[in-house]
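Asks: The structure is given below, and queries will be raised subsequently.
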Amino acid sequence: MSSFKFQKRLLASSIAMVLAGTSGSVVAEEAAAVEEKKLEVIEVTGIRGSLKQNLNAKRFANAVVESISAEDIGKFPDKNIAESLQRVSGVTINRGFTGEGNEVSIRGIDPQLTQVQLNGNFVASTAWFSQSANNRAFNMDLMPSELVAGVDVYKSPQASIDEGGVGGTVIMRTRRPLELDANTLYASVEANTNSLADDTGLGFTGMYSWKDPSETFGVLVTASTLETIGRARKAENYWEEGWSASGVAAFDQDRTRDAIDFTAQFAPMDDLILTGHFFRTELDAFNTNQNFLTINSQWATGLGCFDDGTFTVPGDYCTETGGIRDNLIDPASGARIAPNGLPLTGTAIAPAWLAQDTNTRKAEITTDVIDFTAEYTGDGYTIKAVAGYTESEGGNGGNYNGLWGMAGYNPSFTWADNTGNHYPMADNGVTVDFDMDRQNDMYMAVNGVDAADGTWQMHADRSLTATELSDEEVYFQLDAQFDVELGVMSSIETGIKLRQHEFSQAQNNAVLEGGWATNLADYSNGTISDFGNVMASGSISSYPALDAGKYTKLIDDAVTGWNENLSAYGKVEEDITSLYVQGNFDGDGFRGNVGLRYAGTDITGTSYDPTGELSDVGGDYEDWLPSFNLALDLSDQLILRMSAARVMSRAGYSQLTPSYSNINPTSYTAARGNPDIKPFRATQTDIGLEWYFNDESLLSLAYFTKDIKSFITDKQVFATFPDEDGIDQEWRVTVPAQGRGGNVDGIEFQYQQTFGNFGTVFNYTYTDSEAENDNGDLIQLPGNSQNSYNLTGYYENDTFAARLAYTYRSDFLAPGTAIANQLDTNDEQAFLDANFTWHVTDNLDIIVEGINLTEEVVFARHSGGAQTLRTAVDNGRRYFLKATYRL
C-alpha cells in the first residue's frame, strides 16, 4: 500500500486532473511530476483494471467526481454510454423507444438539467420523434462507445467547467494520437438481435493511430457503423388525454449509426501542442409505429359536467380546466362517475369504431463537431485556446400517417369497474378492461372480428408531415493557469468563453392527390404479434403489419406540393459570455479549489403570431456562480470531502421557442414556449466520507442537498382561435411558468471490493424532493426516483471475464408521448445485464452480452385523474456477439 501525502501543487492539481481526466481547465498533464512523486502505477487490466482507474480518479479529484474508464481501446464497460453511467452512484437513466438508455439523471434531477460535453465542450444533437421535447440533453444513441476513452461525472462544479448542469456535468473524453503507441490498431465486428425480432443487426469498427518517431506529429482515425434491432410491444391508453381511445401498439426501428472520428496533433516544440479534431455521426432512425385502436366517437347525450357546483349538459363531452372528462356525473342519479371518466354505473356510451393507425418516419440525425486547440506551457504558466463549431440536423424526415377502418363494423364498449364486474353495452362489441386498482393488466378483444384478416380500408385520414430541426453552436475559449505561492494557494486559473447558439424548428405538410390505398392487406407484409407480456390473456394477439416501404412510396408518389405550417416555425438565438477565476490550493493533508464564474445570456425567440406576422421576443439574464471544493486527508485511507456551489441550467428549446406545438384540434389543446423564461437555479452542498481500505476497495457515505431557487414548470392558460369553419374555440395552452422553488436532499452509499478473482460493486442513492409551482401547489420534480441502487458482481482470470449487473430505480415522473402534453408517472424499474469475455489470445477477444435478461416490462401511468395505465412497454431482451482485435 502506497503512502500518499498532499503537500504540493503537483498532487492537488496535476495528479487529480491527469487521473480524473478533467476537461474544461487548462492544467497540463505533468507526467514527469507524477513519476517524480513515485506514485503507484496501475498495471492491472480487465474489469479490475478499469474499476481501479475509476477509484483512483475519484480519490485524487478535487471535486466530487465519478469516472468510468476503458483500460484499453474498445473495452468500455457497456455497449451504450448511458447504460454504463447508470451504474455510477447517484445516476439513473431514461430508456428510449427501443429500451436503450439515452438520457442521464444525476441525484434525482431532471435529465434535461444534466450537461453533457465532448472533450469539455457542448455537442449538438436533435430529436427524431415528432412529439419529443427539444431540450439540451445529449442523445447517447449518437455516440459509439468505442470512441470514448472515459467519462467523468461531476456532481460538484468547478468554476473552470462550463455552467449549465444543475444536476451535474458529464464529460466524454476521446483519445489523442500522441498519447498512444505508434501504429496502434483496433478492429471489431459484431452482431445483435432482439428477442422480439427475427432480424440481425451487424456492425464494424476500425481504429488506427500513428505518430512519427520523434513523437511530434500523430494522426488517429476511427470509423464505426452499427445496425441496431429495436422493438417495443405496448398497451396504450388515451382515455385521460383528450380523446377516448386505447390500443395495442408496436414500434419497430432498425436504426443504423455511422460515425467517424479524426484527430491530428502536432508538437512543433516541446512546450506547444496543436490539436485538430473532427467528429461526425449519422443516425438513420427509420421507424414504424402501428396501433390497433378502439376509438369512442363521443359521450352520449345525458352525461354532463359538474363544474363549480353547477350541473351542465354539453352537446358532446366535458373539457373543463381540471382535465378532460374528470368531473362527469350521471344526471339521472346524481352519482359521480369514475374520476377518469369511465362510467361505473352502466350508463350508455355512444357507438365507437375500430381503426388501425400507422405512422412511419424516415428520421435521420447528423451531428458534426470540429475544433482546434492550441496549448502552450511556459515557465510557471499554461495558456490554452480552443475554437470550435458543432451542428446537428434532424427531425422526423416525414411522418407518413394512415388511419385504416374496418368497413361495416360499428362496435360498442364494455367496461369493468373496481371490483372487476363488467357492464356490457352491446353484444359482440369491444371489451376494454382497465383495472382501477392500478394493476398492470389491459384486456382488449374484438368479439366476432378477426383483427389480423387485413380487411381494413383507408379512412379519410392520411397525411405526410415533415419536421425539420437544427441545432448549432460556435464557441471560442481562452484559458490561462499561473503557478503562484500565495500561502496555501498553488495556482490560479482564469478564462473567457464566448458562445453563439441557434436552434430552429420548422414543419411542412404535404399536399396529396390520389394515392389512396384500398385495403391494408394490399400494403401488409405479414402480421405483428408478441403482445403477451403487455396484454391480458384473451386480448388481441396479432394484426396486419404495414409494409412501410411500399406505403411510403405510395404517399411520396401522391405529393404534389408542400405547405409550410407557420404556427410550428420557431427559432431561438443565444449569445453567451462566460468568465471565471479559480484558485487551486493544497497543504499538508488538504487540497481543493475555490472560484467564481460569471455567465451572461441574451436570448431572442422568433415565431409567427396568430395573425401570420413574424415577430421576435427577447430575454436576458446574468448569473454569478461561486464554487468551493475541499478534500481533507484524515489519514492515508480516509478522506472527508466537502463542496458548495451555486448552479444553473438554461431552459430547453421547447420551453423557449414561442411557436405552438402538440396542437390537438380534437381536444383543443396546445403548447408553446417563452424566450423570457429564466433558467433553473439552485444552491447545492455536499459532504462525504470516503474510506479506501485497500488499493482496489472503497466504502463511502455522502449527504447532498440542492436548494432550488427557481425552476421551470408548466401552467395552463386559455386562448381563443378559430377552427376550420371559422368558429372561435377556446383552447387550453400549456406554457412554461416559473416555479417558486423547492429542494432535493439525498444520501449516497458506495461499496467496492475485490476477493481474489471475484469482485463486487454496490451503490445506493436515496433522494427526497419537493417543489412548488407558480400557484404554490406542491408538485413532483421530473426525473426523481426516491430509491435507486446498482449491484455488480464479476469474476476474472487471465482467460475469462464475466460480469452480472442489476440496476433498480423506484417510480419517477418523466415526459411521455401524451397527446395532452402531460408527464407520465413511471413505475419502478429493474434491469439485469450480463457480459462474458473470452481472451482467446493477447490480441483477440470474443464478447457475449445480454441486456434486459429478465425482459422487464416498463409501466407508465397518467399523472393526474385516476392515474390509469398509460403504457405498458416490452422492449424484449437484446443480445450482442462481438469479436475484437488489438495490435
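We label chains A, B, ... in the order they appear in the C-alpha cells, count residues from 1 in each chain, and number ligands from 1 in the order shown.
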If we count only C-alpha atoms, what is near A:Glu83 at a cut-off of 12 Å, once residues fewer than 2 positions away on the same chain are taken out, given as a compact mmCIF listing (two decimals) with N, CA, C and O atoms, in the first residue's frame?

Replies:
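Output (selection-v5.txt):
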# COMPACT_ATOMS: atom_id res chain seq x y z
N ILE A 68 -15.69 6.70 -15.33
CA ILE A 68 -15.73 5.39 -15.99
C ILE A 68 -14.62 5.39 -17.02
O ILE A 68 -14.54 6.30 -17.86
N PHE A 76 -14.89 -0.30 -23.30
CA PHE A 76 -15.83 0.44 -22.47
C PHE A 76 -16.81 -0.55 -21.86
O PHE A 76 -17.21 -1.52 -22.51
N PRO A 77 -17.21 -0.34 -20.58
CA PRO A 77 -17.96 -1.39 -19.87
C PRO A 77 -19.26 -1.84 -20.53
O PRO A 77 -19.69 -2.96 -20.32
N ASP A 78 -19.92 -0.98 -21.31
CA ASP A 78 -21.21 -1.34 -21.90
C ASP A 78 -21.25 -0.90 -23.36
O ASP A 78 -20.45 -0.09 -23.82
N LYS A 79 -22.22 -1.45 -24.10
CA LYS A 79 -22.43 -1.05 -25.48
C LYS A 79 -22.95 0.38 -25.58
O LYS A 79 -22.75 1.05 -26.57
N ASN A 80 -23.62 0.83 -24.55
CA ASN A 80 -24.26 2.14 -24.56
C ASN A 80 -23.69 2.95 -23.40
O ASN A 80 -23.64 2.47 -22.27
N ILE A 81 -23.26 4.19 -23.67
CA ILE A 81 -22.63 5.01 -22.64
C ILE A 81 -23.59 5.29 -21.49
O ILE A 81 -23.21 5.26 -20.32
N LEU A 85 -23.31 4.62 -17.39
CA LEU A 85 -23.47 5.67 -16.39
C LEU A 85 -24.50 5.31 -15.33
O LEU A 85 -24.41 5.77 -14.19
N GLN A 86 -25.48 4.47 -15.68
CA GLN A 86 -26.49 4.11 -14.70
C GLN A 86 -25.89 3.31 -13.54
O GLN A 86 -26.51 3.18 -12.48
N ARG A 87 -24.67 2.79 -13.70
CA ARG A 87 -24.03 2.03 -12.63
C ARG A 87 -23.21 2.93 -11.70
O ARG A 87 -22.63 2.45 -10.74
N VAL A 88 -23.16 4.23 -12.01
CA VAL A 88 -22.48 5.19 -11.17
C VAL A 88 -23.41 5.63 -10.05
O VAL A 88 -24.61 5.85 -10.26
N VAL A 91 -26.65 8.13 -10.20
CA VAL A 91 -27.04 8.32 -11.60
C VAL A 91 -28.13 7.33 -11.98
O VAL A 91 -28.02 6.13 -11.70
N THR A 92 -29.19 7.82 -12.57
CA THR A 92 -30.23 6.99 -13.16
C THR A 92 -30.43 7.43 -14.60
O THR A 92 -30.03 8.53 -14.99
N ILE A 93 -31.06 6.57 -15.40
CA ILE A 93 -31.23 6.90 -16.82
C ILE A 93 -32.68 6.68 -17.25
O ILE A 93 -33.43 5.95 -16.61
N ASN A 94 -33.04 7.36 -18.32
CA ASN A 94 -34.28 7.08 -19.04
C ASN A 94 -33.95 6.22 -20.24
O ASN A 94 -32.87 6.35 -20.84
N ARG A 95 -34.86 5.34 -20.61
CA ARG A 95 -34.66 4.49 -21.77
C ARG A 95 -35.62 4.92 -22.87
O ARG A 95 -36.76 5.26 -22.62
N GLY A 96 -35.13 4.89 -24.10
CA GLY A 96 -35.90 5.39 -25.23
C GLY A 96 -36.91 4.39 -25.74
O GLY A 96 -37.28 3.41 -25.07
N GLY A 99 -35.82 0.81 -25.68
CA GLY A 99 -35.30 0.30 -24.43
C GLY A 99 -33.86 0.60 -24.16
O GLY A 99 -33.31 0.17 -23.15
N GLU A 100 -33.18 1.36 -25.03
CA GLU A 100 -31.79 1.72 -24.81
C GLU A 100 -31.71 3.01 -24.00
O GLU A 100 -32.50 3.93 -24.18
N GLY A 101 -30.70 3.08 -23.12
CA GLY A 101 -30.50 4.28 -22.34
C GLY A 101 -30.13 5.45 -23.23
O GLY A 101 -29.28 5.33 -24.10
N ASN A 102 -30.79 6.62 -23.00
CA ASN A 102 -30.47 7.77 -23.84
C ASN A 102 -30.46 9.09 -23.09
O ASN A 102 -30.04 10.10 -23.65
N GLU A 103 -30.90 9.14 -21.83
CA GLU A 103 -30.85 10.37 -21.05
C GLU A 103 -30.38 10.04 -19.63
O GLU A 103 -30.71 8.99 -19.09
N VAL A 104 -29.63 10.97 -19.04
CA VAL A 104 -28.97 10.73 -17.76
C VAL A 104 -29.49 11.71 -16.72
O VAL A 104 -29.51 12.93 -16.94
N SER A 105 -29.91 11.18 -15.57
CA SER A 105 -30.34 11.99 -14.44
C SER A 105 -29.34 11.81 -13.30
O SER A 105 -28.96 10.69 -12.97
N MET A 140 -27.58 9.86 -26.24
CA MET A 140 -26.45 8.94 -26.16
C MET A 140 -26.43 7.92 -27.31
O MET A 140 -25.42 7.27 -27.55
N ASP A 141 -27.56 7.76 -28.01
CA ASP A 141 -27.58 6.85 -29.16
C ASP A 141 -26.59 7.28 -30.24
O ASP A 141 -26.18 6.48 -31.08
N SER A 145 -19.55 3.70 -28.25
CA SER A 145 -18.76 3.55 -27.04
C SER A 145 -17.28 3.32 -27.36
O SER A 145 -16.41 3.65 -26.55
N ASN A 790 -27.50 -0.04 -7.56
CA ASN A 790 -26.84 -0.85 -8.58
C ASN A 790 -25.97 -1.89 -7.89
O ASN A 790 -25.23 -1.58 -6.96
N ALA A 805 -24.82 -7.53 -13.79
CA ALA A 805 -25.14 -6.21 -13.25
C ALA A 805 -26.65 -6.04 -13.15
O ALA A 805 -27.38 -6.31 -14.10
N TYR A 806 -27.09 -5.58 -11.99
CA TYR A 806 -28.53 -5.36 -11.72
C TYR A 806 -28.71 -3.90 -11.31
O TYR A 806 -28.01 -3.40 -10.43
N THR A 807 -29.65 -3.21 -11.96
CA THR A 807 -29.94 -1.82 -11.63
C THR A 807 -31.42 -1.67 -11.31
O THR A 807 -32.27 -2.31 -11.92
N PHE A 831 -33.39 -3.78 -14.14
CA PHE A 831 -32.81 -4.41 -15.33
C PHE A 831 -31.61 -5.26 -14.93
O PHE A 831 -30.80 -4.87 -14.09
N LEU A 832 -31.52 -6.42 -15.56
CA LEU A 832 -30.42 -7.34 -15.33
C LEU A 832 -29.65 -7.53 -16.63
O LEU A 832 -30.22 -7.93 -17.64
N ASP A 833 -28.35 -7.23 -16.60
CA ASP A 833 -27.48 -7.36 -17.77
C ASP A 833 -26.32 -8.29 -17.44
O ASP A 833 -25.91 -8.43 -16.27
N ILE A 851 -28.69 -7.83 -22.58
CA ILE A 851 -29.28 -6.66 -21.94
C ILE A 851 -30.75 -6.93 -21.64
O ILE A 851 -31.47 -7.47 -22.47
N ASN A 852 -31.18 -6.58 -20.44
CA ASN A 852 -32.56 -6.78 -20.00
C ASN A 852 -32.93 -8.26 -20.07
O ASN A 852 -33.92 -8.66 -20.70

Asks: Per residue of stretch 151-198 of chain A within 9 Å of stretch 107-117 of chain A, note the shortest atom pair and the distance in Å to one decimal, counting only C-alpha atoms, and order the rows by chain and increasing residue number, as a Markdown table.

Replies:
| residue | atom | partner | partner_atom | distance |
| --- | --- | --- | --- | --- |
| A:Lys155 | CA | A:Arg107 | CA | 8.3 |
| A:Asp162 | CA | A:Gln115 | CA | 8.9 |
| A:Glu163 | CA | A:Gln115 | CA | 8.4 |
| A:Gly164 | CA | A:Gln115 | CA | 5.9 |
| A:Gly165 | CA | A:Gln115 | CA | 4.7 |
| A:Val166 | CA | A:Leu113 | CA | 5.5 |
| A:Gly167 | CA | A:Thr114 | CA | 5.1 |
| A:Gly168 | CA | A:Thr114 | CA | 5.3 |
| A:Thr169 | CA | A:Gln115 | CA | 4.6 |
| A:Val170 | CA | A:Val116 | CA | 4.7 |
| A:Ile171 | CA | A:Gln117 | CA | 4.8 |
| A:Met172 | CA | A:Gln117 | CA | 6.1 |
| A:Arg173 | CA | A:Gln117 | CA | 8.7 |

Asks: Going by DSSP on the backbone, which residues of stretch 431-603 of chain A come out as strand (DSSP E or B)? List them as an NGL selection string.

Replies: :A and (431-434 or 442-446 or 456-486 or 489-512 or 519 or 524-528 or 543-546 or 559-564 or 570-587 or 590-603)

Asks: Write the residues of the selection above to a file with C-alpha atoms, as a CSV table (one decimal), in the first residue's frame.

Replies:
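result-v5.csv was written with the following content:
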chain,number,residue,atom,x,y,z
A,431,THR,CA,-64.2,-5.2,-24.4
A,432,VAL,CA,-61.6,-2.9,-22.9
A,433,ASP,CA,-60.6,-3.6,-19.3
A,434,PHE,CA,-58.6,-1.3,-17.2
A,442,MET,CA,-55.1,-4.4,-20.0
A,443,TYR,CA,-57.7,-6.5,-21.8
A,444,MET,CA,-58.9,-5.7,-25.3
A,445,ALA,CA,-60.7,-8.2,-27.5
A,446,VAL,CA,-62.8,-8.0,-30.6
A,456,TRP,CA,-59.2,-2.8,-43.3
A,457,GLN,CA,-60.0,0.1,-45.6
A,458,MET,CA,-58.3,3.5,-45.7
A,459,HIS,CA,-60.2,6.0,-43.6
A,460,ALA,CA,-60.4,9.7,-44.6
A,461,ASP,CA,-57.3,10.5,-42.5
A,462,ARG,CA,-53.9,10.2,-44.2
A,463,SER,CA,-51.1,12.7,-44.1
A,464,LEU,CA,-47.4,13.4,-44.6
A,465,THR,CA,-45.9,15.9,-42.2
A,466,ALA,CA,-42.2,16.7,-42.1
A,467,THR,CA,-40.5,18.4,-39.1
A,468,GLU,CA,-37.0,19.9,-39.5
A,469,LEU,CA,-34.8,20.6,-36.6
A,470,SER,CA,-31.4,22.4,-36.5
A,471,ASP,CA,-29.1,23.0,-33.6
A,472,GLU,CA,-25.7,24.7,-33.8
A,473,GLU,CA,-23.1,26.4,-31.7
A,474,VAL,CA,-19.9,28.4,-32.4
A,475,TYR,CA,-17.5,28.7,-29.4
A,476,PHE,CA,-14.2,30.2,-28.5
A,477,GLN,CA,-12.4,29.8,-25.2
A,478,LEU,CA,-9.2,31.2,-23.9
A,479,ASP,CA,-7.7,29.9,-20.6
A,480,ALA,CA,-4.6,30.5,-18.6
A,481,GLN,CA,-3.1,29.0,-15.5
A,482,PHE,CA,-0.4,30.6,-13.4
A,483,ASP,CA,1.7,28.9,-10.7
A,484,VAL,CA,1.7,31.0,-7.5
A,485,GLU,CA,3.0,30.9,-3.9
A,486,LEU,CA,0.3,32.7,-2.0
A,489,MET,CA,-2.8,28.8,-3.0
A,490,SER,CA,-0.6,27.0,-5.5
A,491,SER,CA,-2.1,28.1,-8.8
A,492,ILE,CA,-4.7,30.4,-10.3
A,493,GLU,CA,-6.8,29.7,-13.4
A,494,THR,CA,-8.8,32.2,-15.4
A,495,GLY,CA,-10.5,32.3,-18.7
A,496,ILE,CA,-13.2,33.6,-21.0
A,497,LYS,CA,-15.6,31.7,-23.2
A,498,LEU,CA,-17.9,33.1,-26.0
A,499,ARG,CA,-20.8,31.1,-27.5
A,500,GLN,CA,-23.3,31.8,-30.2
A,501,HIS,CA,-26.1,29.2,-30.2
A,502,GLU,CA,-29.0,28.8,-32.6
A,503,PHE,CA,-31.9,26.3,-32.5
A,504,SER,CA,-34.7,26.3,-35.1
A,505,GLN,CA,-37.7,24.2,-36.0
A,506,ALA,CA,-40.0,24.1,-39.0
A,507,GLN,CA,-42.8,21.9,-40.2
A,508,ASN,CA,-44.1,21.3,-43.7
A,509,ASN,CA,-47.3,19.5,-44.7
A,510,ALA,CA,-47.6,17.6,-48.0
A,511,VAL,CA,-50.4,18.3,-50.5
A,512,LEU,CA,-51.6,14.8,-51.6
A,519,ASN,CA,-57.2,-2.4,-48.2
A,524,SER,CA,-49.1,-5.6,-45.5
A,525,ASN,CA,-46.1,-7.9,-45.3
A,526,GLY,CA,-47.3,-10.2,-42.5
A,527,THR,CA,-48.6,-9.9,-39.0
A,528,ILE,CA,-47.4,-8.2,-35.8
A,543,TYR,CA,-52.9,-7.7,-36.6
A,544,PRO,CA,-51.6,-6.8,-40.1
A,545,ALA,CA,-48.1,-5.4,-40.3
A,546,LEU,CA,-47.6,-2.4,-42.6
A,559,VAL,CA,-47.2,14.5,-53.2
A,560,THR,CA,-47.9,17.5,-55.5
A,561,GLY,CA,-46.6,20.2,-53.2
A,562,TRP,CA,-45.8,21.4,-49.7
A,563,ASN,CA,-47.4,23.9,-47.4
A,564,GLU,CA,-45.3,25.4,-44.5
A,570,GLY,CA,-39.6,28.9,-34.3
A,571,LYS,CA,-36.0,29.9,-33.7
A,572,VAL,CA,-34.1,30.6,-30.6
A,573,GLU,CA,-30.8,32.5,-30.7
A,574,GLU,CA,-28.5,32.8,-27.6
A,575,ASP,CA,-25.3,34.8,-27.1
A,576,ILE,CA,-23.5,33.6,-24.0
A,577,THR,CA,-20.5,35.2,-22.4
A,578,SER,CA,-18.7,33.4,-19.5
A,579,LEU,CA,-15.8,34.5,-17.4
A,580,TYR,CA,-14.1,32.7,-14.5
A,581,VAL,CA,-11.4,32.8,-12.0
A,582,GLN,CA,-10.4,29.7,-9.9
A,583,GLY,CA,-7.8,29.3,-7.2
A,584,ASN,CA,-6.3,25.8,-6.5
A,585,PHE,CA,-4.9,25.3,-3.0
A,586,ASP,CA,-3.2,22.5,-1.1
A,587,GLY,CA,-1.3,21.9,2.1
A,590,PHE,CA,-5.9,19.1,2.4
A,591,ARG,CA,-6.5,20.2,-1.2
A,592,GLY,CA,-9.2,21.8,-3.2
A,593,ASN,CA,-10.3,24.9,-5.2
A,594,VAL,CA,-12.4,28.0,-4.9
A,595,GLY,CA,-13.8,30.0,-7.8
A,596,LEU,CA,-16.3,32.3,-9.3
A,597,ARG,CA,-17.9,32.0,-12.7
A,598,TYR,CA,-20.0,34.7,-14.5
A,599,ALA,CA,-22.5,33.8,-17.2
A,600,GLY,CA,-24.4,36.4,-19.2
A,601,THR,CA,-27.2,35.1,-21.6
A,602,ASP,CA,-29.1,37.1,-24.2
A,603,ILE,CA,-32.0,35.3,-25.9

Asks: For A:Trp128, which of A:Phe286, A:Tyr885, A:Phe812, A:Phe251 is the closest residue, counting only C-alpha atoms?

Replies: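 That would be A:Phe286, the residue with the smallest distance to A:Trp128.
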
Asks: So which one's closest to A:Val858, A:Arg257, A:Arg740, A:Arg361, A:Lys234? Using only C-alpha atoms, please.

Replies: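 Using only C-alpha atoms, the shortest distance to A:Val858 belongs to A:Lys234.
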
Asks: If we count only C-alpha atoms and set the cut-off at 6 Å, which residues sit around stretch 220-230 of chain A, ignoring sequence neighbours fewer than 2 positions away in its own chain? Please answer as an MDAnalysis selection string.

Replies: chainID A and resid 98 177 193 201:209 253:263

Asks: Measure the distance from atom CA of A:Thr518 to atom CA of A:Gly247 in Å and round it to one decimal.

Replies: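 Spanning atom CA of A:Thr518 to atom CA of A:Gly247 is a straight-line distance of 22.6 Å.
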